[in-house]
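Source file: work11.txt (compact mmCIF, C-alpha atoms and all ligand atoms)
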# COMPACT_ATOMS: atom_id res chain seq x y z
CA MET A 1 -6.35 6.91 -28.08
CA ASP A 2 -9.04 4.31 -27.39
CA PRO A 3 -9.85 3.43 -23.77
CA ILE A 4 -8.31 -0.06 -23.96
CA THR A 5 -4.96 1.38 -25.10
CA ILE A 6 -5.19 3.94 -22.30
CA PHE A 7 -5.83 1.14 -19.77
CA ILE A 8 -2.80 -0.78 -21.07
CA VAL A 9 -0.51 2.29 -21.02
CA ALA A 10 -1.78 3.24 -17.54
CA THR A 11 -1.14 -0.32 -16.33
CA LEU A 12 2.43 -0.22 -17.61
CA MET A 13 3.07 3.11 -15.93
CA MET A 14 1.56 1.92 -12.66
CA LEU A 15 3.65 -1.25 -12.77
CA ALA A 16 6.78 0.78 -13.52
CA ASN A 17 6.12 3.09 -10.57
CA GLY A 18 5.28 0.18 -8.29
CA GLY A 19 8.51 -1.46 -9.48
CA VAL A 20 10.59 1.64 -8.64
CA LEU A 21 9.04 1.66 -5.17
CA GLY A 22 9.86 -2.05 -4.85
CA LEU A 23 13.49 -1.46 -5.83
CA MET A 24 13.81 1.41 -3.35
CA HIS A 25 12.10 -0.46 -0.54
CA LYS A 26 15.19 -1.89 1.13
CA ASP A 27 16.97 1.49 0.97
CA LEU A 28 14.20 3.23 2.90
CA PRO A 29 14.56 3.64 6.68
CA VAL A 30 12.83 0.85 8.63
CA SER A 31 10.23 3.34 9.89
CA LEU A 32 9.06 4.06 6.33
CA GLN A 33 9.13 0.51 4.97
CA PRO A 34 5.62 -0.54 6.11
CA CYS A 35 3.88 2.43 4.47
CA ALA A 36 5.95 2.03 1.28
CA GLU A 37 5.02 -1.67 1.17
CA THR A 38 1.32 -0.87 1.59
CA TRP A 39 1.54 1.83 -1.09
CA ARG A 40 3.18 -0.63 -3.47
CA ILE A 41 0.53 -3.31 -2.92
CA ALA A 42 -2.20 -0.68 -3.45
CA THR A 43 -0.54 0.38 -6.71
CA LEU A 44 -0.36 -3.25 -7.87
CA LEU A 45 -4.07 -3.70 -7.06
CA LEU A 46 -4.95 -0.68 -9.18
CA ALA A 47 -2.66 -1.93 -11.97
CA GLY A 48 -4.42 -5.31 -11.70
CA SER A 49 -7.82 -3.65 -12.05
CA ALA A 50 -6.65 -1.74 -15.14
CA VAL A 51 -5.48 -5.06 -16.67
CA LEU A 52 -8.89 -6.59 -16.00
CA TYR A 53 -10.69 -3.65 -17.62
CA ALA A 54 -8.39 -3.95 -20.64
CA VAL A 55 -8.99 -7.69 -21.15
CA GLN A 56 -12.61 -7.81 -20.05
CA TYR A 57 -13.81 -9.28 -23.37
CA GLU A 58 -11.64 -12.33 -22.88
CA LEU A 59 -13.32 -13.12 -19.53
CA PRO A 60 -16.93 -13.38 -18.36
CA LEU A 61 -18.14 -9.82 -17.72
CA GLY A 62 -20.01 -10.85 -14.58
CA LEU A 63 -16.68 -11.90 -13.13
CA VAL A 64 -14.47 -9.09 -14.42
CA SER A 65 -16.52 -6.15 -13.16
CA PRO A 66 -16.76 -7.14 -9.50
CA MET A 67 -13.12 -8.27 -9.46
CA ALA A 68 -11.87 -5.05 -11.03
CA ASN A 69 -14.16 -2.93 -8.84
CA GLY A 70 -13.02 -4.79 -5.73
CA MET A 71 -9.37 -4.22 -6.62
CA VAL A 72 -10.00 -0.49 -7.09
CA MET A 73 -11.72 -0.21 -3.70
CA LEU A 74 -9.06 -2.25 -1.91
CA GLY A 75 -6.26 -0.35 -3.69
CA CYS A 76 -7.65 3.05 -2.69
CA THR A 77 -8.10 1.85 0.90
CA GLY A 78 -4.49 0.66 0.74
CA TYR A 79 -3.40 4.20 -0.15
CA TRP A 80 -5.36 5.56 2.81
CA ARG A 81 -3.74 2.98 5.08
CA ALA A 82 -0.27 3.83 3.72
CA LEU A 83 -0.82 7.51 4.53
CA ARG A 84 -1.92 6.63 8.07
CA GLN A 85 1.13 4.41 8.49
CA PHE A 86 3.33 7.24 7.21
CA ASP A 87 1.92 9.44 9.99
CA GLY A 88 2.29 6.69 12.60
CA ALA A 89 -1.50 6.36 13.05
CA PRO A 90 -2.58 2.93 14.33
CA ASP A 91 -4.07 0.33 12.01
CA ARG A 92 -7.87 0.16 12.30
CA TRP A 93 -9.94 -2.74 11.05
CA TRP A 94 -12.93 -0.50 10.31
CA MET A 95 -10.95 1.22 7.56
CA TRP A 96 -11.60 -1.84 5.42
CA LEU A 97 -15.37 -1.85 6.02
CA PRO A 98 -16.32 0.48 3.14
CA ALA A 99 -14.28 -1.60 0.68
CA LEU A 100 -15.64 -4.90 2.01
CA ALA A 101 -19.23 -3.64 1.94
CA GLY A 102 -18.56 -2.30 -1.55
CA ILE A 103 -17.26 -5.68 -2.73
CA GLY A 104 -20.37 -7.40 -1.38
CA GLY A 105 -22.52 -4.80 -3.12
CA VAL A 106 -20.83 -5.02 -6.53
CA LEU A 107 -21.04 -8.83 -6.38
CA TRP A 108 -24.75 -8.50 -5.74
CA PHE A 109 -25.34 -5.90 -8.47
CA ALA A 110 -23.19 -7.80 -10.96
CA GLY A 111 -24.26 -11.40 -10.33
CA VAL A 112 -27.42 -11.74 -8.24
CA GLN A 113 -29.45 -8.75 -9.30
CA PRO A 114 -27.66 -7.09 -12.22
CA ASP A 115 -27.98 -3.33 -11.87
CA THR A 116 -25.14 -1.37 -13.47
CA PRO A 117 -26.10 2.15 -12.24
CA SER A 118 -26.33 0.90 -8.62
CA ARG A 119 -23.00 -0.89 -8.98
CA ILE A 120 -21.30 2.22 -10.35
CA LEU A 121 -22.86 4.40 -7.66
CA LEU A 122 -21.73 2.05 -4.90
CA LEU A 123 -18.20 1.77 -6.29
CA SER A 124 -17.95 5.54 -6.73
CA GLY A 125 -19.28 6.20 -3.24
CA VAL A 126 -16.74 3.89 -1.62
CA VAL A 127 -13.80 5.17 -3.67
CA ALA A 128 -14.73 8.84 -3.13
CA PHE A 129 -15.16 8.26 0.63
CA VAL A 130 -11.78 6.55 0.94
CA LEU A 131 -10.04 9.21 -1.16
CA MET A 132 -11.54 12.00 0.95
CA ALA A 133 -10.39 10.15 4.08
CA GLY A 134 -6.91 10.05 2.55
CA THR A 135 -7.14 13.78 1.79
CA LEU A 136 -8.08 14.49 5.42
CA GLN A 137 -5.19 12.35 6.65
CA LEU A 138 -2.81 14.35 4.48
CA VAL A 139 -4.24 17.68 5.63
CA ARG A 140 -4.62 16.91 9.33
CA GLY A 141 -1.96 14.29 10.05
CA GLY A 142 1.83 14.58 10.08
CA THR A 143 2.39 16.92 13.02
CA GLY A 144 4.32 19.90 11.75
CA GLU A 145 5.06 18.25 8.43
CA ARG A 146 3.85 20.59 5.74
CA ALA A 147 6.00 19.47 2.82
CA ARG A 148 4.84 20.57 -0.63
CA SER A 149 4.70 16.96 -1.78
CA ARG A 150 2.16 16.35 0.99
CA LYS A 151 0.01 19.26 -0.16
CA ALA A 152 0.31 18.11 -3.79
CA LEU A 153 -0.78 14.60 -2.84
CA ALA A 154 -3.70 15.98 -0.80
CA GLY A 155 -4.78 17.99 -3.85
CA LEU A 156 -4.49 14.91 -6.04
CA PHE A 157 -6.55 12.72 -3.69
CA PHE A 158 -9.20 15.43 -3.48
CA LEU A 159 -9.40 16.00 -7.24
CA VAL A 160 -9.57 12.30 -8.08
CA GLY A 161 -12.25 11.87 -5.38
CA LEU A 162 -14.25 14.74 -6.90
CA PHE A 163 -13.88 13.25 -10.38
CA VAL A 164 -15.16 9.88 -9.14
CA LEU A 165 -18.26 11.57 -7.73
CA PHE A 166 -18.75 13.59 -10.89
CA ARG A 167 -18.42 10.42 -12.99
CA ALA A 168 -21.07 8.68 -10.88
CA GLY A 169 -23.42 11.65 -11.32
CA TYR A 170 -22.72 11.74 -15.07
CA PHE A 171 -23.57 8.04 -15.48
CA LEU A 172 -26.73 8.41 -13.43
CA VAL A 173 -27.92 11.41 -15.43
CA ARG A 174 -27.10 9.62 -18.71
CA LYS A 175 -29.02 6.55 -17.45
CA VAL A 176 -26.36 3.90 -17.91
CA GLY A 177 -27.88 0.56 -18.91
CA PRO A 178 -26.81 -3.00 -18.02
CA SER A 179 -24.81 -3.29 -21.25
CA PHE A 180 -22.71 -0.25 -20.45
CA ASP A 181 -19.08 -0.77 -21.42
CA ILE A 182 -16.43 1.42 -19.79
CA THR A 183 -14.05 0.67 -22.63
CA GLY A 184 -16.53 1.74 -25.28
CA GLU A 185 -15.15 4.39 -27.61
CA GLY A 186 -16.89 7.65 -28.28
CA ALA A 187 -17.81 8.72 -24.75
CA TRP A 188 -15.25 11.26 -23.52
CA ILE A 189 -15.77 10.06 -19.96
CA ASN A 190 -14.43 6.64 -20.96
CA THR A 191 -11.20 8.31 -22.07
CA ALA A 192 -11.03 10.55 -19.02
CA SER A 193 -11.73 7.81 -16.43
CA PRO A 194 -8.56 5.70 -16.85
CA LEU A 195 -6.47 8.85 -17.29
CA VAL A 196 -7.71 10.42 -14.05
CA THR A 197 -7.65 7.22 -12.00
CA ALA A 198 -4.09 6.50 -13.21
CA LEU A 199 -3.04 9.82 -11.65
CA LEU A 200 -2.96 8.33 -8.14
CA PRO A 201 -0.70 5.33 -8.82
CA VAL A 202 1.49 7.26 -11.25
CA VAL A 203 1.75 10.92 -10.14
CA GLY A 204 0.67 10.03 -6.58
CA THR A 205 3.48 7.49 -6.20
CA THR A 206 6.03 10.13 -7.22
CA ALA A 207 4.57 12.59 -4.67
CA PHE A 208 4.59 9.83 -2.03
CA LEU A 209 8.26 9.12 -2.75
CA PHE A 210 9.01 12.84 -2.36
CA MET A 211 7.20 12.80 0.98
CA CYS A 212 9.42 9.90 2.05
CA SER A 213 12.59 11.63 0.90
CA GLN A 214 11.63 14.88 2.68
CA ARG A 215 10.93 12.91 5.87
CA ILE A 216 14.35 11.23 5.57
CA GLY A 217 16.00 14.64 5.05
CA ARG A 218 14.35 16.04 8.17
CA GLN A 219 15.32 12.95 10.20
CA TRP A 220 18.93 13.36 9.10
CA GLU A 221 18.95 17.02 10.02
CA LEU A 222 17.52 16.22 13.43
CA ALA A 223 19.96 13.36 14.01
CA ALA A 224 22.89 15.59 13.06
CA ALA A 225 21.74 18.32 15.45
CA THR A 226 20.67 16.39 18.54
CA ASP A 227 22.26 14.06 21.03
CA TYR A 228 20.85 10.54 20.58
CA LEU A 229 20.75 9.74 24.31
CA THR A 230 19.20 12.85 25.84
CA GLY A 231 17.50 14.49 22.86
CA LEU A 232 19.27 17.75 23.76
CA ALA A 233 21.21 19.78 21.25
CA ASN A 234 24.58 18.14 20.60
CA ARG A 235 28.03 19.72 20.70
CA ARG A 236 27.87 20.71 17.02
CA THR A 237 24.58 22.59 17.49
CA LEU A 238 25.82 24.07 20.77
CA LEU A 239 28.90 25.53 19.12
CA ALA A 240 26.89 27.00 16.24
CA GLU A 241 24.30 28.50 18.63
CA GLY A 242 26.97 29.63 21.10
CA GLU A 243 29.07 31.34 18.44
CA SER A 244 26.04 33.12 17.05
CA ARG A 245 25.00 34.34 20.54
CA PHE A 246 28.59 35.26 21.36
CA ALA A 247 28.88 37.40 18.20
CA THR A 248 25.48 39.05 18.81
CA ALA A 249 26.41 39.87 22.41
CA ARG A 250 29.79 41.29 21.31
CA ARG A 251 28.18 43.51 18.69
CA GLY A 252 25.52 44.77 21.11
CA GLY A 253 27.90 45.36 24.03
CA ALA A 254 26.09 42.64 26.01
CA HIS A 255 27.63 39.67 27.83
CA LEU A 256 26.84 36.07 27.11
CA ALA A 257 26.87 33.79 30.13
CA LEU A 258 27.20 30.06 30.15
CA ALA A 259 27.30 27.24 32.65
CA LEU A 260 29.47 24.20 32.10
CA VAL A 261 27.83 21.41 34.09
CA ASP A 262 29.40 18.08 35.06
CA VAL A 263 27.72 15.19 36.90
CA ASP A 264 29.54 14.40 40.16
CA HIS A 265 31.11 10.98 40.61
CA PHE A 266 29.41 9.73 37.51
CA LYS A 267 31.94 6.97 37.03
CA ALA A 268 30.77 5.54 40.36
CA ILE A 269 27.17 5.36 39.08
CA ASN A 270 28.34 3.49 36.00
CA ASP A 271 30.58 1.18 38.00
CA GLY A 272 28.08 0.57 40.79
CA HIS A 273 24.83 0.25 38.85
CA GLY A 274 25.81 -0.45 35.27
CA HIS A 275 26.12 1.58 32.10
CA GLU A 276 22.38 1.46 31.41
CA VAL A 277 21.55 3.13 34.72
CA GLY A 278 24.33 5.58 33.91
CA ASP A 279 22.58 6.41 30.63
CA LYS A 280 19.26 6.89 32.43
CA ALA A 281 20.99 9.14 34.96
CA LEU A 282 22.26 11.31 32.10
CA GLN A 283 18.73 11.49 30.69
CA HIS A 284 17.45 12.43 34.15
CA VAL A 285 19.99 15.26 34.49
CA ALA A 286 19.16 16.46 30.95
CA ARG A 287 15.46 16.59 31.85
CA GLN A 288 16.13 18.59 35.04
CA LEU A 289 18.34 21.07 33.21
CA GLN A 290 15.80 21.45 30.44
CA ALA A 291 12.93 21.87 32.91
CA THR A 292 14.85 24.57 34.77
CA ALA A 293 15.76 26.45 31.61
CA ARG A 294 14.17 29.87 31.39
CA GLY A 295 13.47 32.25 28.54
CA LEU A 296 16.06 31.75 25.84
CA ASP A 297 18.29 29.45 27.91
CA PHE A 298 19.80 26.85 25.60
CA VAL A 299 20.67 23.43 27.02
CA ALA A 300 23.06 21.08 25.24
CA ARG A 301 25.06 17.94 25.92
CA HIS A 302 28.69 18.89 25.58
CA GLY A 303 29.83 15.27 25.62
CA GLY A 304 30.10 12.41 28.12
CA GLU A 305 28.60 13.51 31.43
CA GLU A 306 29.09 17.21 30.64
CA PHE A 307 26.36 19.68 29.71
CA VAL A 308 26.40 23.35 28.73
CA VAL A 309 23.62 25.84 29.36
CA LEU A 310 23.79 29.13 27.46
CA LEU A 311 22.12 31.40 29.99
CA ASP A 312 19.56 34.02 29.15
CA LEU A 313 20.09 36.41 32.06
CA GLY A 314 17.89 39.25 30.84
CA GLN A 315 18.78 42.83 31.87
CA HIS A 316 20.08 42.38 35.40
CA GLY A 317 20.43 38.63 35.64
CA ASP A 318 22.71 36.97 38.14
CA ALA A 319 24.86 34.27 36.50
CA GLN A 320 25.77 32.60 39.78
CA ALA A 321 22.09 32.41 40.79
CA ALA A 322 21.22 30.89 37.41
CA GLY A 323 23.88 28.21 37.99
CA GLU A 324 22.53 27.60 41.49
CA ARG A 325 19.05 27.09 40.08
CA LEU A 326 20.39 24.35 37.84
CA ARG A 327 22.34 22.72 40.67
CA LEU A 328 19.37 22.73 43.06
CA ALA A 329 17.04 21.32 40.41
CA VAL A 330 19.27 18.27 39.93
CA ALA A 331 20.17 17.76 43.60
CA GLY A 332 16.54 18.19 44.67
CA THR A 333 15.00 15.65 42.31
CA PRO A 334 15.56 12.03 43.31
CA PHE A 335 16.52 9.62 40.56
CA THR A 336 15.29 6.03 40.50
CA ALA A 337 16.09 3.46 37.86
CA ASP A 338 16.01 -0.34 37.86
CA GLY A 339 15.39 -0.44 41.61
CA ALA A 340 18.22 1.99 42.37
CA SER A 341 17.39 5.25 44.11
CA LEU A 342 20.20 7.75 43.90
CA THR A 343 20.84 11.37 44.65
CA ILE A 344 22.64 12.87 41.72
CA THR A 345 24.50 16.13 42.06
CA ILE A 346 26.23 18.36 39.59
CA SER A 347 29.05 20.86 39.73
CA ALA A 348 29.03 23.89 37.48
CA GLY A 349 31.46 26.49 36.28
CA VAL A 350 29.73 29.69 35.21
CA ALA A 351 31.50 32.22 33.01
CA LEU A 352 30.46 35.65 31.77
CA GLN A 353 31.69 36.95 28.47
CA ALA A 354 34.41 39.52 29.19
CA ASP A 355 35.16 42.53 27.00
CA GLY A 356 38.50 41.00 26.08
CA ASP A 357 36.98 37.67 24.94
CA THR A 358 37.25 37.27 21.19
CA THR A 359 36.06 33.68 20.86
CA LEU A 360 33.49 31.43 22.47
CA ASP A 361 36.30 29.03 23.21
CA GLN A 362 37.84 31.50 25.66
CA LEU A 363 34.56 31.66 27.54
CA LEU A 364 34.28 27.87 27.60
CA ARG A 365 37.86 27.58 28.88
CA ARG A 366 37.15 29.92 31.79
CA ALA A 367 33.96 28.03 32.59
CA ASP A 368 36.03 24.84 32.58
CA GLU A 369 38.51 26.32 35.07
CA ALA A 370 35.62 27.38 37.32
CA LEU A 371 34.15 23.87 37.05
CA TYR A 372 37.49 22.42 38.07
CA ALA A 373 37.50 24.74 41.09
CA ALA A 374 33.97 23.59 42.01
CA LYS A 375 35.08 19.95 41.85
CA ARG A 376 38.16 20.66 43.95
CA SER A 377 36.07 22.44 46.56
CA GLY A 378 33.97 19.35 47.20
CA ARG A 379 31.49 19.11 44.27
CA ASN A 380 27.75 19.91 44.27
CA ARG A 381 28.83 23.53 43.91
CA VAL A 382 28.71 26.39 41.45
CA GLU A 383 31.81 28.53 40.89
CA LEU A 384 31.88 31.78 38.99
CA ALA A 385 34.86 32.22 36.68
CA GLY A 386 37.05 35.28 37.01
CA GLY A 387 36.82 37.80 34.14
N1 LIG B 401 26.63 5.49 30.91
C1 LIG B 401 27.37 6.39 30.26
N2 LIG B 401 28.57 6.74 30.75
C2 LIG B 401 29.29 7.66 30.09
C3 LIG B 401 28.82 8.25 28.90
N3 LIG B 401 29.77 9.13 28.48
C4 LIG B 401 30.77 9.09 29.37
N4 LIG B 401 30.50 8.21 30.36
C5 LIG B 401 31.30 7.84 31.53
O1 LIG B 401 31.37 8.95 32.41
C6 LIG B 401 32.46 8.68 33.30
C7 LIG B 401 33.14 10.00 33.63
O2 LIG B 401 34.00 9.77 34.67
P1 LIG B 401 35.03 10.80 35.21
O3 LIG B 401 35.49 11.71 34.11
O4 LIG B 401 36.09 10.04 35.94
O5 LIG B 401 34.23 11.72 36.17
P2 LIG B 401 33.33 11.43 37.47
O6 LIG B 401 33.32 10.02 37.88
O7 LIG B 401 31.99 12.04 37.16
O8 LIG B 401 34.05 12.27 38.55
P3 LIG B 401 34.02 13.80 38.81
O9 LIG B 401 33.68 14.48 37.51
O10 LIG B 401 35.41 14.13 39.22
O11 LIG B 401 33.02 14.06 39.85
C8 LIG B 401 33.38 7.69 32.60
O12 LIG B 401 33.31 6.48 33.31
C9 LIG B 401 32.75 7.51 31.23
O13 LIG B 401 32.85 6.18 30.75
C10 LIG B 401 27.53 7.84 28.40
O14 LIG B 401 27.04 8.29 27.37
N5 LIG B 401 26.86 6.91 29.10
Let me see the structure of the file written as structure tokens.
Ligand SMILES: Nc1nc2c(ncn2[C@@H]2O[C@H](COP(=O)(O)OP(=O)(O)OP(=O)(O)O)[C@@H](O)[C@H]2O)c(=O)[nH]1
Amino acid sequence: MDPITIFIVATLMMLANGGVLGLMHKDLPVSLQPCAETWRIATLLLAGSAVLYAVQYELPLGLVSPMANGMVMLGCTGYWRALRQFDGAPDRWWMWLPALAGIGGVLWFAGVQPDTPSRILLLSGVVAFVLMAGTLQLVRGGTGERARSRKALAGLFFLVGLFVLFRAGYFLVRKVGPSFDITGEGAWINTASPLVTALLPVVGTTAFLFMCSQRIGRQWELAAATDYLTGLANRRTLLAEGESRFATARRGGAHLALALVDVDHFKAINDGHGHEVGDKALQHVARQLQATARGLDFVARHGGEEFVVLLDLGQHGDAQAAGERLRLAVAGTPFTADGASLTITISAGVALQADGDTTLDQLLRRADEALYAAKRSGRNRVELAGG
């Protein structure tokens, strides 16, 4: 295949991939839309540069080269920016400096003082730098995100960056003259160049879309497992964790302990200070419970103003004392929100798994009875359930 045909095929593939990204754009979560938009524009810039290379004989060469080179540099910087946006890194104006300096340089070496080797070297330097920066972003960014698509994209950025450097070295060694034509047939590098550079907008876009879909999957999993208001485990996760601990304790002859916690007079906080302050009060209680949790304690929001702590009592732990620790942590930490300063207290019912308990539900029911007793006895109390 001659280089011009390759440029045309590559352009069509880039446009198709950019188009798919455009169609998907509105279906992506709002948090991913900016990076997808940037990636799409970058892909269109690279497609535009491939078009220019393909039709360069129809236009003045002194115009085509700097325009196409500029689009490549801006497109690659766009990819780098998209990766930073994906990771939530702030936009930085200096990211565009290499591309802008490169555009100035290629204009100079194309129009003012024609020098093809210097132009190629400058273009390659900028593109390789930006691609390596993108590689670093993929390797270092994305806290905890180590999806395979991310590794694949990092490998792709790195390989294309290496190829760009190799290509620059090859042209320098071969002493490229001012009449050099990147679409000229015969030189294998002219066939390889559009093929390798098309990898980013074509294969890279697919990897980027996989990264997005894996991020969405993780977000869904997290949303399904956590309580939106407090960030604690939700009832669904609590029951799964509780049942697993219950079964393990039963098999090992141990006893699971749990505390069912309820905020005292919470309705009065809502009624007196508004629902928003009520929400903040729940977040405050969640933070205190979480901060007091020890070892393998597991804190969850059971629903409404009720929390459950699966207690890790160790060998000779005291369930009542563990409940007291939770109660004192909440009662002892003042809560202020929107000018209101309140003392929030909790009541707790603590239950220990009994030999006769066959389900977690039985344990929860006894904790609930103990909680009811704590409320009846005046609140801000911890009651231990009978076995
Ligand atoms: N702000 C806010 N309020 C909630 C939420 N979930 C439940 N509530 C409110 O919590 C209140 C619970 O009130 P009650 O069950 O009467 O209990 P209480 O006022 O805490 O009284 P005692 O438990 O007897 O001390 C209700 O007014 C619910 O509307 C929530 O997510 N946010």
Within 8 Å of ligand LIG 401 (chain B) (all atoms listed in the file), residues as a ChimeraX atom specification: /A:229,262-271,274-282,303-305,347,375,379
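Among the candidate residues A:Thr206, A:Val261, A:Thr343, A:Val285, the one lying nearest to A:Val308 is A:Val261, with distances computed using all atoms listed in the file.
Comparing the minimum interatomic distances between A:Val106 and each of A:Ala370, A:Leu165, A:Met132, A:Val64, counting only C-alpha atoms, we find that A:Val64 sits nearest.
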Around the point (-19.8, 9.1, -1.9) in the file's coordinates, collect all residues with an atom within 12 Å, using all atoms listed in the file, and return them as a PyMOL selection string. chain A and resi 98+102+120-133+161-169
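Proximity ranking of A:Val309, A:Ala36, A:Val160, A:Glu243 relative to A:Leu195 places A:Val160 first, based on only C-alpha atoms.
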Length of the atom CA of A:Gln85 to atom CA of A:Pro34 vector [Å]: 7.1 Å
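Minimum atom-to-atom distances from A:Thr5, A:Thr191, A:Ala198, A:Asp87 to A:Leu44 were compared using all atoms listed in the file, and the lowest value belongs to A:Ala198.
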A:Ser65 environment, 12 Å, all atoms listed in the file, sequence neighbours closer than 5 positions dropped, as a PyMOL selection string: chain A and resi 49-57+59-60+70-72+103+105-111+114-116+119-120+123+178-183
Any chance you could export the current selection's C-alpha atoms as an mmCIF file, in the coordinates of the input?
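part-v4.cif, written as the output of this step:
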data_model
loop_
_atom_site.group_PDB
_atom_site.id
_atom_site.type_symbol
_atom_site.label_atom_id
_atom_site.label_comp_id
_atom_site.auth_asym_id
_atom_site.auth_seq_id
_atom_site.Cartn_x
_atom_site.Cartn_y
_atom_site.Cartn_z
ATOM 1 C CA SER A 49 -7.820 -3.650 -12.050
ATOM 2 C CA ALA A 50 -6.650 -1.740 -15.140
ATOM 3 C CA VAL A 51 -5.480 -5.060 -16.670
ATOM 4 C CA LEU A 52 -8.890 -6.590 -16.000
ATOM 5 C CA TYR A 53 -10.690 -3.650 -17.620
ATOM 6 C CA ALA A 54 -8.390 -3.950 -20.640
ATOM 7 C CA VAL A 55 -8.990 -7.690 -21.150
ATOM 8 C CA GLN A 56 -12.610 -7.810 -20.050
ATOM 9 C CA TYR A 57 -13.810 -9.280 -23.370
ATOM 10 C CA LEU A 59 -13.320 -13.120 -19.530
ATOM 11 C CA PRO A 60 -16.930 -13.380 -18.360
ATOM 12 C CA GLY A 70 -13.020 -4.790 -5.730
ATOM 13 C CA MET A 71 -9.370 -4.220 -6.620
ATOM 14 C CA VAL A 72 -10.000 -0.490 -7.090
ATOM 15 C CA ILE A 103 -17.260 -5.680 -2.730
ATOM 16 C CA GLY A 105 -22.520 -4.800 -3.120
ATOM 17 C CA VAL A 106 -20.830 -5.020 -6.530
ATOM 18 C CA LEU A 107 -21.040 -8.830 -6.380
ATOM 19 C CA TRP A 108 -24.750 -8.500 -5.740
ATOM 20 C CA PHE A 109 -25.340 -5.900 -8.470
ATOM 21 C CA ALA A 110 -23.190 -7.800 -10.960
ATOM 22 C CA GLY A 111 -24.260 -11.400 -10.330
ATOM 23 C CA PRO A 114 -27.660 -7.090 -12.220
ATOM 24 C CA ASP A 115 -27.980 -3.330 -11.870
ATOM 25 C CA THR A 116 -25.140 -1.370 -13.470
ATOM 26 C CA ARG A 119 -23.000 -0.890 -8.980
ATOM 27 C CA ILE A 120 -21.300 2.220 -10.350
ATOM 28 C CA LEU A 123 -18.200 1.770 -6.290
ATOM 29 C CA PRO A 178 -26.810 -3.000 -18.020
ATOM 30 C CA SER A 179 -24.810 -3.290 -21.250
ATOM 31 C CA PHE A 180 -22.710 -0.250 -20.450
ATOM 32 C CA ASP A 181 -19.080 -0.770 -21.420
ATOM 33 C CA ILE A 182 -16.430 1.420 -19.790
ATOM 34 C CA THR A 183 -14.050 0.670 -22.630
#
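With atom CA of A:Arg301 on one side and atom CA of A:Arg236 on the other, the separation reads 9.7 Å.
Atom pair atom CA of A:Glu241 / atom CA of A:Ser213: separated by 27.1 Å.
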Closest of A:Gln288, A:Thr237, A:Pro194, A:Ala259 to A:Asp2 - atom-to-atom distances counting all atoms listed in the file: A:Pro194
Given only C-alpha atoms as the basis, pick out the residue of A:Gly204, A:Gly88, A:Pro334, A:Gly323 nearest to A:Ala152. A:Gly204
Show me, as a PyMOL selection string, the residues that have an atom within 12 Å of A:Gly253 when counting only C-alpha atoms, minus same-chain residues fewer than 3 positions from it. chain A and resi 245-250+256+353-357
